[in-house]
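A.B. asks: The structure is given below, and queries will be raised subsequently.
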Amino acid sequence: MSVAALVLAAGRGERLRRSLASTGGAENDLPPKAFLPVAGRTLLVRSLLRMAEAEEIDQLVPVVPEAWLARFEAAVAELGPVRGLRPAVAGGAERQDSVAAGLEALSGEVSHVVVHDAARPLVPAEDVRRVVRVALECGAALLATPVTDTIHQIDGDRLRETPARAGLRAALTPQVFRVDWLREALAKARADAVHGTDDAALVARLGVEVRVVEGDPINRKITTAADLAWAEAVLQGEPS
Ligand code: C5P
């Protein structure tokens, strides 16, 4: 078994860029979301370092915007050696394109692929290990948390249905899959013109079982300026 991790950082992070621009910065001067620093290190570098702590992972492939490849390699060179880190690859227009680009770049025999959002820099290494171990046993697994809000299905401005909260989970990353299942899921999504926001949902469309592993809610996705300030506060309280 050989496990590769794709750390996805090729999105622009429009919501975060807009919310930062509204608090003073010029939107076009801001880097893509994963390249914003939090407590002195970018979201991407923080995510890579957390993934590198999981011994189950053999290679780490960052997926970044094409225009940021050179700057990323220069920044990483300053970090010193990171276990398993491979050269970054350019992502695509949509998240699924970025996953596909990362899969193309894998080297050697890979049995399982870990997909992680660089926008989740606080993922505990222990959660990474747990979800990888479950996927090595059953083929597909993701981290998720119980939801604390009631979730309504809506139709325009009308409430349609309210699924029981106990049966709902919010998807996190990492999500881990047999490499052949992930490749097949992406091909099927392309053929069916499905654009998922989550790889586990695409893999589940194959009819295979996907295991849900409870993750730590600290593994939040940084989406707004308030999330960035929250992550900064959490990290200031930790030795870096
Ligand atoms: O936009 P959102 O925050 O949901 O993106 C989740 C992750 O997917 C981010 O880390 C982002 O950089 C990545 N992504 C990507 N390529 C895209 C879109 C998103 O790598 N085209």
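Numbering starts fresh at 1 for the residues of each chain in the structure tokens, the chains themselves are lettered A, B, ... in the order given, and ligands are numbered from 1 as they appear.
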Check stretch 31-142 of chain A with DSSP on the backbone and list each residue it calls strand (DSSP E), as a ChimeraX atom specification.

C.D. replies: /A:37-38,41-42,59-64,89-90,112-117,140-142

A.B. asks: Only N, CA, C and O atoms, please: the residues just picked out, written as an mmCIF file, in the first residue's frame.

C.D. replies:
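Below is the file that was written, selection_7.cif:
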data_model
loop_
_atom_site.group_PDB
_atom_site.id
_atom_site.type_symbol
_atom_site.label_atom_id
_atom_site.label_comp_id
_atom_site.auth_asym_id
_atom_site.auth_seq_id
_atom_site.Cartn_x
_atom_site.Cartn_y
_atom_site.Cartn_z
ATOM 1 N N PRO A 37 -1.152 34.448 4.901
ATOM 2 C CA PRO A 37 -0.524 33.946 6.123
ATOM 3 C C PRO A 37 -1.485 33.946 7.310
ATOM 4 O O PRO A 37 -2.357 34.799 7.402
ATOM 5 N N VAL A 38 -1.296 32.974 8.178
ATOM 6 C CA VAL A 38 -1.977 32.979 9.455
ATOM 7 C C VAL A 38 -0.909 32.638 10.492
ATOM 8 O O VAL A 38 -0.187 31.651 10.339
ATOM 9 N N ARG A 41 2.605 31.850 8.854
ATOM 10 C CA ARG A 41 2.792 30.834 7.802
ATOM 11 C C ARG A 41 1.531 30.750 6.977
ATOM 12 O O ARG A 41 0.437 30.877 7.522
ATOM 13 N N THR A 42 1.702 30.466 5.665
ATOM 14 C CA THR A 42 0.501 30.426 4.809
ATOM 15 C C THR A 42 -0.382 29.221 5.165
ATOM 16 O O THR A 42 0.087 28.221 5.725
ATOM 17 N N GLN A 59 3.676 10.303 -0.021
ATOM 18 C CA GLN A 59 4.038 11.477 -0.840
ATOM 19 C C GLN A 59 2.961 12.543 -0.746
ATOM 20 O O GLN A 59 1.776 12.254 -0.591
ATOM 21 N N LEU A 60 3.426 13.801 -0.808
ATOM 22 C CA LEU A 60 2.546 14.962 -0.651
ATOM 23 C C LEU A 60 2.665 15.815 -1.904
ATOM 24 O O LEU A 60 3.767 16.259 -2.251
ATOM 25 N N VAL A 61 1.545 16.053 -2.589
ATOM 26 C CA VAL A 61 1.587 16.850 -3.820
ATOM 27 C C VAL A 61 0.734 18.114 -3.647
ATOM 28 O O VAL A 61 -0.494 18.023 -3.571
ATOM 29 N N PRO A 62 1.366 19.295 -3.557
ATOM 30 C CA PRO A 62 0.584 20.524 -3.499
ATOM 31 C C PRO A 62 0.038 20.855 -4.883
ATOM 32 O O PRO A 62 0.730 20.676 -5.893
ATOM 33 N N VAL A 63 -1.229 21.306 -4.939
ATOM 34 C CA VAL A 63 -1.851 21.705 -6.208
ATOM 35 C C VAL A 63 -2.152 23.194 -6.088
ATOM 36 O O VAL A 63 -2.960 23.599 -5.243
ATOM 37 N N VAL A 64 -1.460 24.005 -6.891
ATOM 38 C CA VAL A 64 -1.510 25.464 -6.705
ATOM 39 C C VAL A 64 -1.883 26.145 -8.036
ATOM 40 O O VAL A 64 -1.807 25.520 -9.097
ATOM 41 N N VAL A 89 2.058 21.024 -8.480
ATOM 42 C CA VAL A 89 1.505 20.990 -9.845
ATOM 43 C C VAL A 89 0.434 22.065 -9.962
ATOM 44 O O VAL A 89 -0.142 22.495 -8.963
ATOM 45 N N ALA A 90 0.176 22.482 -11.216
ATOM 46 C CA ALA A 90 -0.828 23.524 -11.458
ATOM 47 C C ALA A 90 -2.226 22.917 -11.405
ATOM 48 O O ALA A 90 -2.480 21.853 -11.988
ATOM 49 N N HIS A 112 -3.774 4.455 -2.570
ATOM 50 C CA HIS A 112 -4.823 5.299 -1.992
ATOM 51 C C HIS A 112 -4.424 6.770 -2.086
ATOM 52 O O HIS A 112 -3.235 7.104 -1.989
ATOM 53 N N VAL A 113 -5.445 7.621 -2.252
ATOM 54 C CA VAL A 113 -5.186 9.061 -2.361
ATOM 55 C C VAL A 113 -5.954 9.799 -1.270
ATOM 56 O O VAL A 113 -7.148 9.565 -1.058
ATOM 57 N N VAL A 114 -5.241 10.685 -0.603
ATOM 58 C CA VAL A 114 -5.822 11.554 0.420
ATOM 59 C C VAL A 114 -6.060 12.905 -0.249
ATOM 60 O O VAL A 114 -5.145 13.443 -0.868
ATOM 61 N N VAL A 115 -7.274 13.441 -0.162
ATOM 62 C CA VAL A 115 -7.525 14.777 -0.730
ATOM 63 C C VAL A 115 -7.800 15.715 0.437
ATOM 64 O O VAL A 115 -8.686 15.453 1.263
ATOM 65 N N HIS A 116 -7.015 16.794 0.514
ATOM 66 C CA HIS A 116 -7.178 17.747 1.623
ATOM 67 C C HIS A 116 -7.234 19.174 1.096
ATOM 68 O O HIS A 116 -6.473 19.543 0.204
ATOM 69 N N ASP A 117 -8.145 19.974 1.680
ATOM 70 C CA ASP A 117 -8.218 21.403 1.352
ATOM 71 C C ASP A 117 -7.122 22.150 2.100
ATOM 72 O O ASP A 117 -7.091 22.096 3.340
ATOM 73 N N ALA A 140 -12.788 3.773 1.138
ATOM 74 C CA ALA A 140 -13.184 5.187 1.035
ATOM 75 C C ALA A 140 -13.645 5.681 2.396
ATOM 76 O O ALA A 140 -14.456 5.016 3.050
ATOM 77 N N ALA A 141 -13.144 6.843 2.821
ATOM 78 C CA ALA A 141 -13.557 7.396 4.120
ATOM 79 C C ALA A 141 -13.343 8.901 4.112
ATOM 80 O O ALA A 141 -12.477 9.410 3.395
ATOM 81 N N LEU A 142 -14.176 9.589 4.891
ATOM 82 C CA LEU A 142 -13.980 11.031 5.044
ATOM 83 C C LEU A 142 -14.156 11.410 6.501
ATOM 84 O O LEU A 142 -14.822 10.693 7.253
#

A.B. asks: Quick one: residues within 9 Å of ligand 1, with only C-alpha atoms and all ligand atoms, as a count of residues only?

C.D. replies: 39

A.B. asks: If we count only C-alpha atoms and set the cut-off at 12 Å, which residues sit around stretch 147-162 of chain A, ignoring sequence neighbours fewer than 4 positions away in its own chain? Please answer as a ChimeraX atom specification.

C.D. replies: /A:166-172,214-215,217

A.B. asks: Can you spit out the residues from that selection as an mmCIF file, in the first residue's frame, using all heavy atoms?

C.D. replies:
data_model
loop_
_atom_site.group_PDB
_atom_site.id
_atom_site.type_symbol
_atom_site.label_atom_id
_atom_site.label_comp_id
_atom_site.auth_asym_id
_atom_site.auth_seq_id
_atom_site.Cartn_x
_atom_site.Cartn_y
_atom_site.Cartn_z
ATOM 1 N N ALA A 166 -29.921 14.575 13.607
ATOM 2 C CA ALA A 166 -29.091 13.441 14.042
ATOM 3 C C ALA A 166 -28.531 12.657 12.851
ATOM 4 O O ALA A 166 -27.493 12.013 12.957
ATOM 5 C CB ALA A 166 -29.917 12.515 14.927
ATOM 6 N N GLY A 167 -29.206 12.735 11.713
ATOM 7 C CA GLY A 167 -28.743 11.973 10.541
ATOM 8 C C GLY A 167 -27.908 12.806 9.578
ATOM 9 O O GLY A 167 -27.628 12.344 8.464
ATOM 10 N N LEU A 168 -27.507 14.003 9.985
ATOM 11 C CA LEU A 168 -26.718 14.855 9.090
ATOM 12 C C LEU A 168 -25.283 14.991 9.589
ATOM 13 O O LEU A 168 -25.043 15.005 10.803
ATOM 14 C CB LEU A 168 -27.338 16.267 9.027
ATOM 15 C CG LEU A 168 -28.720 16.381 8.403
ATOM 16 C CD1 LEU A 168 -29.235 17.804 8.537
ATOM 17 C CD2 LEU A 168 -28.679 15.966 6.936
ATOM 18 N N ARG A 169 -24.351 15.120 8.657
ATOM 19 C CA ARG A 169 -22.965 15.373 9.009
ATOM 20 C C ARG A 169 -22.396 16.423 8.060
ATOM 21 O O ARG A 169 -22.722 16.421 6.861
ATOM 22 C CB ARG A 169 -22.102 14.103 8.859
ATOM 23 C CG ARG A 169 -22.406 13.032 9.879
ATOM 24 C CD ARG A 169 -22.018 13.465 11.297
ATOM 25 N NE ARG A 169 -22.314 12.466 12.311
ATOM 26 C CZ ARG A 169 -23.504 12.342 12.923
ATOM 27 N NH1 ARG A 169 -24.501 13.145 12.615
ATOM 28 N NH2 ARG A 169 -23.675 11.415 13.843
ATOM 29 N N ALA A 170 -21.548 17.299 8.589
ATOM 30 C CA ALA A 170 -20.852 18.281 7.746
ATOM 31 C C ALA A 170 -19.537 17.657 7.287
ATOM 32 O O ALA A 170 -18.761 17.158 8.114
ATOM 33 C CB ALA A 170 -20.581 19.550 8.544
ATOM 34 N N ALA A 171 -19.294 17.670 5.973
ATOM 35 C CA ALA A 171 -18.081 17.036 5.429
ATOM 36 C C ALA A 171 -16.864 17.913 5.690
ATOM 37 O O ALA A 171 -16.902 19.127 5.522
ATOM 38 C CB ALA A 171 -18.248 16.829 3.928
ATOM 39 N N LEU A 172 -15.784 17.280 6.112
ATOM 40 C CA LEU A 172 -14.485 17.947 6.261
ATOM 41 C C LEU A 172 -13.544 17.273 5.267
ATOM 42 O O LEU A 172 -13.917 16.344 4.557
ATOM 43 C CB LEU A 172 -13.928 17.739 7.674
ATOM 44 C CG LEU A 172 -14.807 18.031 8.895
ATOM 45 C CD1 LEU A 172 -14.064 17.615 10.162
ATOM 46 C CD2 LEU A 172 -15.144 19.510 8.955
ATOM 47 N N GLU A 214 -15.704 10.452 12.544
ATOM 48 C CA GLU A 214 -15.922 11.741 13.223
ATOM 49 C C GLU A 214 -14.607 12.496 13.399
ATOM 50 O O GLU A 214 -13.620 11.950 13.874
ATOM 51 C CB GLU A 214 -16.617 11.539 14.577
ATOM 52 C CG GLU A 214 -16.934 12.890 15.200
ATOM 53 C CD GLU A 214 -18.063 12.863 16.225
ATOM 54 O OE1 GLU A 214 -18.853 11.897 16.238
ATOM 55 O OE2 GLU A 214 -18.138 13.833 16.995
ATOM 56 N N GLY A 215 -14.619 13.748 12.952
ATOM 57 C CA GLY A 215 -13.415 14.577 13.021
ATOM 58 C C GLY A 215 -13.570 15.677 14.055
ATOM 59 O O GLY A 215 -14.677 15.985 14.495
ATOM 60 N N PRO A 217 -13.933 19.325 15.327
ATOM 61 C CA PRO A 217 -14.491 20.545 14.713
ATOM 62 C C PRO A 217 -13.480 21.680 14.561
ATOM 63 O O PRO A 217 -13.754 22.655 13.853
ATOM 64 C CB PRO A 217 -15.626 20.964 15.660
ATOM 65 C CG PRO A 217 -15.756 19.914 16.680
ATOM 66 C CD PRO A 217 -14.603 18.960 16.579
#

A.B. asks: Between A:Ala88, A:Ala144, A:Val176, A:Gly80, which residue has the minimum interatomic distance to A:Arg220, considering only C-alpha atoms?

C.D. replies: A:Ala144

A.B. asks: Which residue, A:Ala193, A:Ala52, A:Val76, A:Leu122, has the smallest gap to A:Glu238 when you use only C-alpha atoms?

C.D. replies: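 Among the listed residues, A:Leu122 lies closest to A:Glu238.
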
A.B. asks: Of the residues A:Ala54, A:Ala75, A:Leu106, A:Ala204, which is the one nearest to A:Glu126, using only C-alpha atoms?

C.D. replies: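 Nearest to A:Glu126: A:Ala54.
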
A.B. asks: Can you pull out the residues contacting A:Ala191? Cut-off 12 Å, using only C-alpha atoms, and skip same-chain residues under 6 positions away; I want them as an MDAnalysis selection string.

C.D. replies: chainID A and resid 184:185 202

A.B. asks: Keeping all heavy atoms, export the residues of the selection given above as an mmCIF file, in the first residue's frame.

C.D. replies:
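Ended up saving to again_10.cif:
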data_model
loop_
_atom_site.group_PDB
_atom_site.id
_atom_site.type_symbol
_atom_site.label_atom_id
_atom_site.label_comp_id
_atom_site.auth_asym_id
_atom_site.auth_seq_id
_atom_site.Cartn_x
_atom_site.Cartn_y
_atom_site.Cartn_z
ATOM 1 N N GLU A 184 -12.192 6.714 -11.238
ATOM 2 C CA GLU A 184 -13.463 6.336 -11.864
ATOM 3 C C GLU A 184 -14.560 7.354 -11.508
ATOM 4 O O GLU A 184 -15.378 7.718 -12.356
ATOM 5 C CB GLU A 184 -13.848 4.935 -11.374
ATOM 6 C CG GLU A 184 -14.877 4.242 -12.225
ATOM 7 C CD GLU A 184 -15.264 2.876 -11.635
ATOM 8 O OE1 GLU A 184 -14.414 2.227 -10.986
ATOM 9 O OE2 GLU A 184 -16.428 2.479 -11.822
ATOM 10 N N ALA A 185 -14.558 7.816 -10.256
ATOM 11 C CA ALA A 185 -15.584 8.779 -9.814
ATOM 12 C C ALA A 185 -15.457 10.089 -10.582
ATOM 13 O O ALA A 185 -16.468 10.693 -10.981
ATOM 14 C CB ALA A 185 -15.444 9.035 -8.309
ATOM 15 N N LEU A 202 -18.835 12.285 -4.929
ATOM 16 C CA LEU A 202 -18.593 11.759 -6.282
ATOM 17 C C LEU A 202 -18.279 10.263 -6.221
ATOM 18 O O LEU A 202 -18.748 9.484 -7.059
ATOM 19 C CB LEU A 202 -17.444 12.513 -6.963
ATOM 20 C CG LEU A 202 -17.627 14.022 -7.143
ATOM 21 C CD1 LEU A 202 -16.423 14.615 -7.874
ATOM 22 C CD2 LEU A 202 -18.914 14.342 -7.906
#

A.B. asks: Please measure the separation of atom CA of A:Pro87 and atom CA of A:Leu36, giving the value in Å to one decimal.

C.D. replies: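 Calculated distance between atom CA of A:Pro87 and atom CA of A:Leu36 is 20.1 Å.
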